[in-house]
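**Student:** Got coords32.csv for you, CSV, C-alpha atoms:
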chain,number,residue,atom,x,y,z
A,1,MET,CA,81.2,82.5,90.3
A,2,ALA,CA,79.8,82.6,86.8
A,3,ARG,CA,82.0,81.1,84.1
A,4,PRO,CA,83.3,83.7,81.6
A,5,VAL,CA,81.5,83.7,78.3
A,6,GLY,CA,83.5,82.4,75.4
A,7,ILE,CA,83.6,83.4,71.8
A,8,LYS,CA,81.9,80.1,70.8
A,9,GLU,CA,78.8,81.0,73.0
A,10,VAL,CA,78.6,84.4,71.3
A,11,ALA,CA,78.7,82.8,67.9
A,12,ARG,CA,76.0,80.3,68.8
A,13,GLN,CA,73.6,82.8,70.2
A,14,ALA,CA,74.2,85.3,67.4
A,15,GLY,CA,73.7,82.6,64.8
A,16,VAL,CA,77.1,83.2,63.1
A,17,SER,CA,80.5,81.4,62.9
A,18,VAL,CA,83.3,82.0,65.4
A,19,GLY,CA,85.3,83.5,62.5
A,20,THR,CA,82.5,86.1,62.0
A,21,VAL,CA,82.6,87.1,65.7
A,22,SER,CA,86.4,87.4,65.4
A,23,ASN,CA,86.0,89.7,62.4
A,24,VAL,CA,83.5,91.9,64.2
A,25,ILE,CA,86.0,92.4,67.0
A,26,ASN,CA,89.2,92.7,65.0
A,27,ARG,CA,88.1,93.7,61.4
A,28,PRO,CA,84.6,95.1,61.7
A,29,GLU,CA,84.7,96.7,58.2
A,30,SER,CA,84.8,93.1,56.7
A,31,VAL,CA,81.3,92.3,58.2
A,32,SER,CA,78.0,93.6,56.9
A,33,GLU,CA,76.3,96.2,59.0
A,34,GLU,CA,73.4,94.0,59.9
A,35,THR,CA,75.5,91.1,61.0
A,36,ARG,CA,77.9,93.4,62.9
A,37,ALA,CA,75.0,94.9,64.8
A,38,ARG,CA,73.6,91.5,65.8
A,39,VAL,CA,77.0,90.2,67.0
A,40,LEU,CA,77.7,93.4,69.0
A,41,ALA,CA,74.3,93.2,70.6
A,42,THR,CA,74.9,89.6,71.6
A,43,ILE,CA,78.4,90.6,73.0
A,44,GLU,CA,76.7,93.3,75.1
A,45,ARG,CA,73.9,91.0,76.3
A,46,LEU,CA,76.3,88.2,77.4
A,47,GLY,CA,79.0,90.5,78.8
A,48,TYR,CA,81.7,88.8,76.6
A,49,VAL,CA,85.2,90.1,77.1
A,50,ARG,CA,87.9,88.8,74.7
A,51,SER,CA,90.9,87.0,76.1
A,52,GLU,CA,93.8,89.4,75.6
A,53,SER,CA,96.3,86.8,76.7
A,54,ALA,CA,95.0,84.3,74.1
A,55,ARG,CA,95.1,87.0,71.4
A,56,GLN,CA,98.7,87.8,72.4
A,57,LEU,CA,99.8,84.2,72.3
A,58,ARG,CA,98.3,83.8,68.7
A,59,ALA,CA,99.9,87.0,67.6
A,60,GLY,CA,103.2,86.5,69.5
A,61,ARG,CA,103.0,90.1,70.6
A,62,SER,CA,102.0,91.6,73.9
A,63,ARG,CA,100.6,95.0,74.8
A,64,ILE,CA,102.2,95.0,78.2
A,65,ILE,CA,105.7,96.2,79.1
A,66,SER,CA,107.1,95.5,82.5
A,67,LEU,CA,109.0,97.9,84.9
A,68,LEU,CA,111.2,96.2,87.5
A,69,VAL,CA,112.5,98.6,90.1
A,70,LEU,CA,114.6,98.3,93.3
A,71,ASP,CA,112.1,99.8,95.7
A,72,MET,CA,108.6,101.0,95.0
A,73,ALA,CA,108.4,102.5,98.5
A,74,ASN,CA,110.9,105.1,97.2
A,75,PRO,CA,109.0,108.1,95.6
A,76,PHE,CA,111.8,108.4,93.1
A,77,PHE,CA,110.7,105.1,91.5
A,78,VAL,CA,107.1,106.2,91.6
A,79,ASP,CA,108.0,109.2,89.5
A,80,VAL,CA,110.0,106.9,87.1
A,81,ALA,CA,106.9,104.6,86.8
A,82,SER,CA,104.7,107.6,86.1
A,83,GLY,CA,106.9,108.7,83.2
A,84,ALA,CA,107.0,105.2,81.8
A,85,GLU,CA,103.2,104.9,82.1
A,86,ARG,CA,102.6,108.1,80.3
A,87,ALA,CA,104.7,107.0,77.3
A,88,ALA,CA,103.1,103.6,77.3
A,89,ARG,CA,99.5,105.0,77.3
A,90,GLU,CA,100.3,107.2,74.4
A,91,ALA,CA,101.4,104.1,72.5
A,92,GLY,CA,98.3,102.2,73.5
A,93,LEU,CA,100.2,99.9,75.9
A,94,GLY,CA,100.0,99.1,79.6
A,95,VAL,CA,102.8,98.9,82.2
A,96,MET,CA,103.2,96.1,84.8
A,97,VAL,CA,105.2,97.5,87.8
A,98,CYS,CA,107.2,95.0,90.0
A,99,ASN,CA,109.5,95.5,92.9
A,100,SER,CA,112.7,93.5,93.3
A,101,ALA,CA,113.3,94.9,96.9
A,102,GLN,CA,117.0,95.1,96.0
A,103,SER,CA,117.1,91.3,95.9
A,104,PRO,CA,118.9,89.5,93.0
A,105,ASP,CA,116.9,86.4,93.8
A,106,GLU,CA,113.5,88.2,93.5
A,107,GLU,CA,114.8,90.0,90.4
A,108,ALA,CA,115.5,86.6,88.8
A,109,GLU,CA,112.0,85.3,89.7
A,110,TYR,CA,110.3,88.3,88.1
A,111,LEU,CA,112.4,88.0,85.0
A,112,ALA,CA,111.3,84.4,84.7
A,113,LEU,CA,107.7,85.5,85.1
A,114,PHE,CA,108.1,88.1,82.4
A,115,THR,CA,109.5,85.4,80.1
A,116,GLU,CA,106.5,83.1,80.8
A,117,GLN,CA,104.0,86.0,80.2
A,118,ARG,CA,105.8,87.0,76.9
A,119,VAL,CA,105.8,90.6,77.8
A,120,ARG,CA,106.6,93.1,75.0
A,121,GLY,CA,109.8,94.3,76.8
A,122,VAL,CA,111.2,95.2,80.2
A,123,LEU,CA,112.4,98.4,81.8
A,124,VAL,CA,114.8,97.4,84.6
A,125,THR,CA,116.9,98.8,87.4
A,126,PRO,CA,119.0,95.7,88.1
A,127,ALA,CA,119.6,94.5,91.6
A,128,ASP,CA,122.3,92.0,90.4
A,129,ILE,CA,125.3,94.0,89.3
A,130,THR,CA,126.9,90.9,87.9
A,131,GLY,CA,124.4,90.9,85.1
A,132,ARG,CA,123.8,87.1,85.4
A,133,ASN,CA,120.0,87.5,85.7
A,134,LEU,CA,119.8,89.6,82.6
A,135,GLU,CA,122.2,87.5,80.5
A,136,SER,CA,119.9,84.6,81.1
A,137,PHE,CA,116.8,86.8,80.3
A,138,ARG,CA,118.5,88.1,77.1
A,139,ARG,CA,118.6,84.6,75.6
A,140,HIS,CA,114.8,84.7,75.3
A,141,GLY,CA,114.9,87.6,72.9
A,142,ILE,CA,112.8,90.0,75.0
A,143,PRO,CA,114.1,93.6,74.7
A,144,PHE,CA,115.0,95.5,77.8
A,145,VAL,CA,116.2,99.0,78.7
A,146,PHE,CA,118.2,99.8,81.8
A,147,VAL,CA,116.7,102.6,83.9
A,148,ASP,CA,118.9,104.6,86.3
A,149,ARG,CA,121.9,102.4,85.1
A,150,VAL,CA,124.4,102.5,82.3
A,151,VAL,CA,124.1,99.3,80.2
A,152,PRO,CA,127.3,97.3,80.7
A,153,SER,CA,127.5,96.3,77.0
A,154,ALA,CA,126.3,97.7,73.7
A,155,GLU,CA,123.5,95.1,73.5
A,156,GLY,CA,120.8,97.4,74.9
A,157,CYS,CA,119.6,100.9,75.7
A,158,SER,CA,120.0,102.7,79.0
A,159,VAL,CA,118.7,105.9,80.5
A,160,SER,CA,120.6,107.1,83.6
A,161,VAL,CA,121.7,110.2,85.4
A,162,ASP,CA,125.4,111.1,85.9
A,163,ASP,CA,125.7,110.2,89.6
A,164,VAL,CA,129.4,111.2,89.7
A,165,ILE,CA,128.4,114.7,88.8
A,166,GLY,CA,125.6,114.5,91.4
A,167,GLY,CA,128.0,113.5,94.2
A,168,THR,CA,130.4,116.3,93.1
A,169,LEU,CA,127.6,118.9,93.2
A,170,ALA,CA,126.6,117.8,96.7
A,171,VAL,CA,130.0,117.9,98.3
A,172,ARG,CA,131.2,121.1,96.5
A,173,HIS,CA,128.2,122.8,98.1
A,174,LEU,CA,129.1,121.6,101.5
A,175,LEU,CA,132.8,122.6,101.0
A,176,ALA,CA,131.7,126.0,99.8
A,177,HIS,CA,130.0,126.5,103.2
A,178,GLY,CA,133.2,125.8,105.1
A,179,HIS,CA,132.8,122.1,106.0
A,180,ARG,CA,136.0,120.0,106.1
A,181,SER,CA,134.8,117.0,108.1
A,182,LEU,CA,132.1,115.1,106.2
A,183,ALA,CA,130.4,111.8,106.1
A,184,TYR,CA,128.8,109.9,103.3
A,185,VAL,CA,125.8,107.6,104.1
A,186,SER,CA,125.0,105.0,101.5
A,187,GLY,CA,123.3,101.7,100.8
A,188,PRO,CA,125.3,98.7,99.7
A,189,MET,CA,128.3,99.8,97.6
A,190,GLN,CA,127.7,97.1,95.0
A,191,LEU,CA,124.8,99.3,93.9
A,192,ALA,CA,126.2,101.5,91.1
A,193,GLN,CA,124.4,104.6,92.3
A,194,CYS,CA,126.0,104.4,95.8
A,195,HIS,CA,129.4,103.8,94.3
A,196,ASP,CA,129.2,106.6,91.7
A,197,ARG,CA,127.9,109.2,94.2
A,198,ARG,CA,130.8,108.5,96.5
A,199,THR,CA,133.2,108.8,93.6
A,200,GLY,CA,131.8,112.2,92.9
A,201,ALA,CA,132.1,113.2,96.5
A,202,LEU,CA,135.8,112.2,96.5
A,203,HIS,CA,136.3,114.2,93.3
A,204,ALA,CA,135.0,117.3,95.0
A,205,LEU,CA,137.4,116.8,97.9
A,206,ARG,CA,140.3,116.4,95.6
A,207,GLU,CA,139.3,119.6,93.8
A,208,ALA,CA,139.5,121.4,97.2
A,209,GLY,CA,142.9,119.9,98.0
A,210,LEU,CA,141.6,117.5,100.6
A,211,GLY,CA,142.2,113.8,100.9
A,212,GLY,CA,139.7,111.0,101.1
A,213,ASP,CA,140.1,110.8,104.9
A,214,ALA,CA,137.9,114.0,105.1
A,215,LEU,CA,134.9,111.8,104.1
A,216,ARG,CA,133.9,109.1,106.5
A,217,HIS,CA,131.7,106.4,105.1
A,218,VAL,CA,128.6,104.9,106.8
A,219,GLU,CA,127.2,102.0,104.8
A,220,VAL,CA,123.8,100.5,105.6
A,221,GLU,CA,122.0,97.5,104.1
A,222,ARG,CA,119.0,99.3,102.6
A,223,LEU,CA,118.1,102.7,101.1
A,224,ASP,CA,115.2,103.6,103.3
A,225,VAL,CA,114.2,105.8,106.3
A,226,ALA,CA,114.8,103.1,108.9
A,227,ALA,CA,118.3,102.5,107.6
A,228,GLY,CA,118.8,106.3,107.7
A,229,ARG,CA,117.9,106.4,111.4
A,230,ASP,CA,120.5,103.6,112.1
A,231,ALA,CA,123.1,105.6,110.2
A,232,GLY,CA,122.2,108.7,112.2
A,233,ALA,CA,122.8,106.8,115.4
A,234,ARG,CA,126.3,105.8,114.1
A,235,LEU,CA,127.0,109.4,113.1
A,236,LEU,CA,126.1,110.6,116.6
A,237,GLY,CA,128.6,108.1,118.1
A,238,MET,CA,131.5,109.4,116.0
A,239,SER,CA,134.2,111.4,117.7
A,240,PRO,CA,134.7,114.0,116.5
A,241,ARG,CA,131.3,114.2,114.8
A,242,PRO,CA,131.3,115.3,111.1
A,243,THR,CA,129.9,118.7,110.5
A,244,ALA,CA,128.1,117.7,107.3
A,245,VAL,CA,126.5,114.6,105.9
A,246,PHE,CA,125.8,113.7,102.3
A,247,CYS,CA,123.3,110.8,101.8
A,248,ALA,CA,122.9,108.6,98.8
A,249,ASN,CA,119.2,109.2,98.7
A,250,ASP,CA,116.5,111.3,100.4
A,251,LEU,CA,115.0,108.5,102.3
A,252,LEU,CA,118.3,107.9,104.1
A,253,ALA,CA,118.7,111.7,104.6
A,254,LEU,CA,115.2,111.9,106.2
A,255,GLY,CA,116.1,109.0,108.5
A,256,VAL,CA,119.3,110.7,109.5
A,257,LEU,CA,117.4,113.9,110.1
A,258,GLN,CA,115.0,112.1,112.5
A,259,ALA,CA,117.9,110.6,114.4
A,260,LEU,CA,119.6,113.9,114.8
A,261,TYR,CA,116.4,115.7,115.7
A,262,GLY,CA,115.7,113.1,118.4
A,263,ALA,CA,119.1,113.6,119.9
A,264,GLY,CA,118.8,117.3,120.0
A,265,VAL,CA,121.3,117.9,117.3
A,266,SER,CA,120.4,121.0,115.2
A,267,VAL,CA,120.3,120.8,111.4
A,268,PRO,CA,122.1,122.6,109.8
A,269,GLU,CA,123.8,124.5,112.7
A,270,ASP,CA,125.4,121.4,114.3
A,271,MET,CA,125.3,119.2,111.2
A,272,ALA,CA,124.5,120.1,107.6
A,273,LEU,CA,122.6,117.6,105.5
A,274,VAL,CA,122.3,116.9,101.8
A,275,GLY,CA,120.2,114.2,100.2
A,276,TYR,CA,119.7,112.8,96.7
A,277,ASP,CA,116.7,112.4,94.3
A,278,ASP,CA,114.7,115.5,95.5
A,279,ILE,CA,111.6,113.5,96.2
A,280,GLU,CA,108.4,115.4,97.1
A,281,PHE,CA,109.0,114.9,100.9
A,282,ALA,CA,112.4,116.6,100.7
A,283,ALA,CA,110.9,120.1,100.6
A,284,ALA,CA,108.3,119.2,103.2
A,285,ALA,CA,110.7,117.9,105.9
A,286,ALA,CA,110.9,119.5,109.3
A,287,VAL,CA,114.0,121.2,108.0
A,288,PRO,CA,113.6,121.5,104.2
A,289,LEU,CA,116.2,119.2,102.7
A,290,THR,CA,118.9,120.2,100.2
A,291,SER,CA,119.0,117.5,97.6
A,292,VAL,CA,120.4,116.6,94.2
A,293,ARG,CA,117.5,116.4,91.9
A,294,GLN,CA,117.2,113.6,89.3
A,295,PRO,CA,114.7,114.0,86.4
A,296,ALA,CA,112.9,110.8,87.4
A,297,PHE,CA,109.7,111.3,85.3
A,298,ARG,CA,111.8,112.1,82.2
A,299,MET,CA,114.0,109.1,82.9
A,300,GLY,CA,111.0,106.7,82.9
A,301,ARG,CA,109.4,108.3,79.9
A,302,THR,CA,112.5,108.3,77.8
A,303,ALA,CA,113.3,104.7,78.7
A,304,ALA,CA,109.8,103.6,77.8
A,305,GLU,CA,110.0,105.5,74.5
A,306,LEU,CA,113.2,103.7,73.6
A,307,LEU,CA,111.7,100.3,74.5
A,308,ILE,CA,108.5,101.0,72.4
A,309,GLU,CA,110.7,102.1,69.5
A,310,GLU,CA,112.6,98.8,69.7
A,311,THR,CA,109.4,96.7,69.7
A,312,ASP,CA,107.1,98.5,67.2
A,313,GLU,CA,106.8,98.1,63.4
A,314,THR,CA,109.9,100.2,62.7
A,315,ALA,CA,112.1,98.2,65.1
A,316,TYR,CA,114.4,97.4,62.2
A,317,ALA,CA,115.6,101.0,62.2
A,318,HIS,CA,116.2,101.1,66.0
A,319,ARG,CA,119.7,101.8,67.2
A,320,HIS,CA,120.7,101.2,70.9
A,321,GLN,CA,121.4,104.4,72.8
A,322,ARG,CA,123.0,105.3,76.1
A,323,ILE,CA,121.2,108.4,77.3
A,324,VAL,CA,122.8,110.2,80.4
A,325,LEU,CA,120.8,113.0,82.0
A,326,LEU,CA,122.3,115.7,84.2
A,327,PRO,CA,121.3,116.2,87.9
A,328,GLU,CA,121.0,119.6,89.6
A,329,LEU,CA,121.4,120.7,93.1
A,330,VAL,CA,118.4,122.1,94.9
A,331,VAL,CA,119.5,124.1,97.9
A,332,ARG,CA,117.2,124.4,101.0
A,333,GLY,CA,117.6,125.0,104.7
A,334,SER,CA,119.3,121.7,105.7
A,335,SER,CA,122.7,122.8,104.4
A,336,LEU,CA,122.7,126.6,104.8
A,337,ALA,CA,125.0,127.1,107.8
A,338,ARG,CA,128.7,127.2,108.3
A,339,PRO,CA,130.3,124.8,110.8
A,340,ARG,CA,130.7,126.0,114.4
In structure tokens, how does this file's structure come out?

**Tutor:**
Amino acid sequence: MARPVGIKEVARQAGVSVGTVSNVINRPESVSEETRARVLATIERLGYVRSESARQLRAGRSRIISLLVLDMANPFFVDVASGAERAAREAGLGVMVCNSAQSPDEEAEYLALFTEQRVRGVLVTPADITGRNLESFRRHGIPFVFVDRVVPSAEGCSVSVDDVIGGTLAVRHLLAHGHRSLAYVSGPMQLAQCHDRRTGALHALREAGLGGDALRHVEVERLDVAAGRDAGARLLGMSPRPTAVFCANDLLALGVLQALYGAGVSVPEDMALVGYDDIEFAAAAAVPLTSVRQPAFRMGRTAAELLIEETDETAYAHRHQRIVLLPELVVRGSSLARPR
């Protein structure tokens, strides 16, 4: 492979100093038109590309922000990333997206990488709820914004959705259709989203004068379709079976739907189903899925805007904010039947 052309080679072939080449690239108005044209022609002929990483090291400032999410296979996080990327592009920045796979160890490795690369800042949905990874990261002085989480202290911004309200909306809807025997399917309860959505579900039951025993809990290790299928098998083995199921995200709900469909259980006639996130696939499911919609694109965009504000020339005026967005229930066919 050909060795990349350096700035010294450009200067030598253009017959100018390295400083002049640097000025042509960074401050072209400071160089005469004739010299500028000669240097630019040499750059074009040699195919020179400046080292952005070297420039950032000299300036101590990166044009890259990082986004670390729990699961890039989940379309919810794809929408979050799209919103962040839109805000970054408008500010002339790029976004590096990484996936912790819900692993605190992988999260720690990525945070160490971000520190080594001196990224401008980080948008993060933390996998480690203890905050140990981020406390270590914070010491390096790189700003970060929590996405889909409430920041546990006043030392940073966060953009999240009120998941307690989301869980309440889902179970209120099922109760309004006559269901009194429900199940909640979630990922690990140490994840704040899973915990808060269950809290909302229990709140709706209390509103209806029902106890917590009306909500059976099925906890799985991951928040994906395969885990949803496993949860569906467990639901099918319950006696008596619940008449309605609320899932902590749409991927789980789609997996449950597959398991029920495979066992000949009709949705919603035999078992009503509600998901969370309202990903694109929810409306396209074999039985269109009722879901609690999160404004994922807006969440990512808002988080990126806060991070950019904290790292630009007016950072001295930045004040940390906790922004909490509201979810909404999108009703489709998977929940529109009363229990038999």

**Student:** Please provide as a PyMOL selection string all residues within 9 Å of region 111-116 of chain A, with the sequence filter that same-chain residues fewer than 2 positions apart are discarded (counting only C-alpha atoms).

**Tutor:** chain A and resi 66+68+106-109+118-119+121-122+133-134+137+140+142

**Student:** Compute the distance from (119.1, 116.2, 108.9) to each atom, counting only C-alpha atoms, keep the residues with any atom at most 8 Å away, and return them as a list in words; use the coordinates of the file.

**Tutor:**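 Using only C-alpha atoms, the matching residues come out as Ala253, Leu254, Gly255, Val256, Leu257, Gln258, Ala259, Leu260, Tyr261, Val267, Pro268, Met271, Ala272, Leu273, Val274, Val287, Leu289 and Ser334 of chain A.
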
**Student:** Rank nothing, just name the residue among A:Ala11, A:Ala286, A:Leu235, A:Leu205 nearest to Val171 (chain A), using all atoms listed in the file.

**Tutor:**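 Smallest distance to Val171 (chain A) is found for A:Leu205.
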
**Student:** Write out as CSV a residue-level contact list of region 11-121 of chain A versus region 308-328 of chain A with cut-off 9 Å: for each qualifying residue the closest pair of atoms and the distance in Å to one decimal, counting all atoms listed in the file, rows sorted by chain and residue number upward.

**Tutor:**
residue,atom,partner,partner_atom,distance
A:Ile65,CA,A:Ile308,CA,8.7
A:Ala87,CA,A:Ile308,CA,8.6
A:Ala88,CA,A:Ile308,CA,7.7
A:Ala91,CA,A:Ile308,CA,7.7
A:Arg120,CA,A:Thr311,CA,7.0
A:Gly121,CA,A:Thr311,CA,7.5

**Student:** In Å, rounded to a single decimal, give me how far CA of Ala192 (chain A) is from CA of Gln117 (chain A).

**Tutor:**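 Answer for the CA of Gln117 (chain A) to CA of Ala192 (chain A) separation: 29.2 Å.
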
**Student:** List as a PyMOL selection string the protein and nucleic acid residues near Glu207 (chain A), meaning an atom at most 12 Å away when all atoms listed in the file are counted, but skip any in the same chain fewer than 5 places from it.

**Tutor:** chain A and resi 168-169+171-172+175-176+200-202+212

**Student:** Neighbouring residues of Glu85 (chain A) were defined as those with any atom within 9 Å, considering all atoms listed in the file; residues of the same chain fewer than 6 positions away were excluded. Please report them as a list in words.

**Tutor:**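 Answer for this query is Leu93, Gly94, Val95, Gly300, Arg301 and Ala304 of chain A.
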
**Student:** Expressed in Å to a single decimal, how great is the separation between CA of Gly178 (chain A) and CA of Leu215 (chain A)?

**Tutor:**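 About the pair CA of Gly178 (chain A) and CA of Leu215 (chain A): they are 14.1 Å apart.
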
**Student:** Between CA of Arg298 (chain A) and CA of Ala127 (chain A), what distance in Å does the model show, to one decimal?

**Tutor:**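 So the two atoms, CA of Arg298 (chain A) and CA of Ala127 (chain A), lie 21.4 Å apart.
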
**Student:** Out of A:Ala263, A:Val21, A:Leu252, A:Ala204, which residue has the shortest atom-to-atom distance to Ala41 (chain A) when counting only C-alpha atoms?

**Tutor:** A:Val21

**Student:** Measuring between all atoms listed in the file, which one of A:Ala296, A:Val10, A:Ala303, A:Leu174 shows the shortest distance to Gly47 (chain A)?

**Tutor:** A:Val10

**Student:** Which residues come within 9 Å of Glu221 (chain A), counting only C-alpha atoms, excluding same-chain residues fewer than 4 positions away, as number ranges by chain?

**Tutor:** A: 186-188, 227

**Student:** Would you mind listing what lies within 12 Å of Gln102 (chain A) as an MDAnalysis selection string, with only C-alpha atoms counted and same-chain residues fewer than 2 positions away left out?

**Tutor:** chainID A and resid 68:74 98:100 104:108 124:129 187:188 190:191 221:224

**Student:** Here's a test: counting all atoms listed in the file, identify every protein, DNA and RNA residue with an atom at most 12 Å from (110.5, 108.4, 92.8) in the file's coordinate frame, and state them as a PyMOL selection string.

**Tutor:** chain A and resi 69-84+148+249-251+276-282+293-300
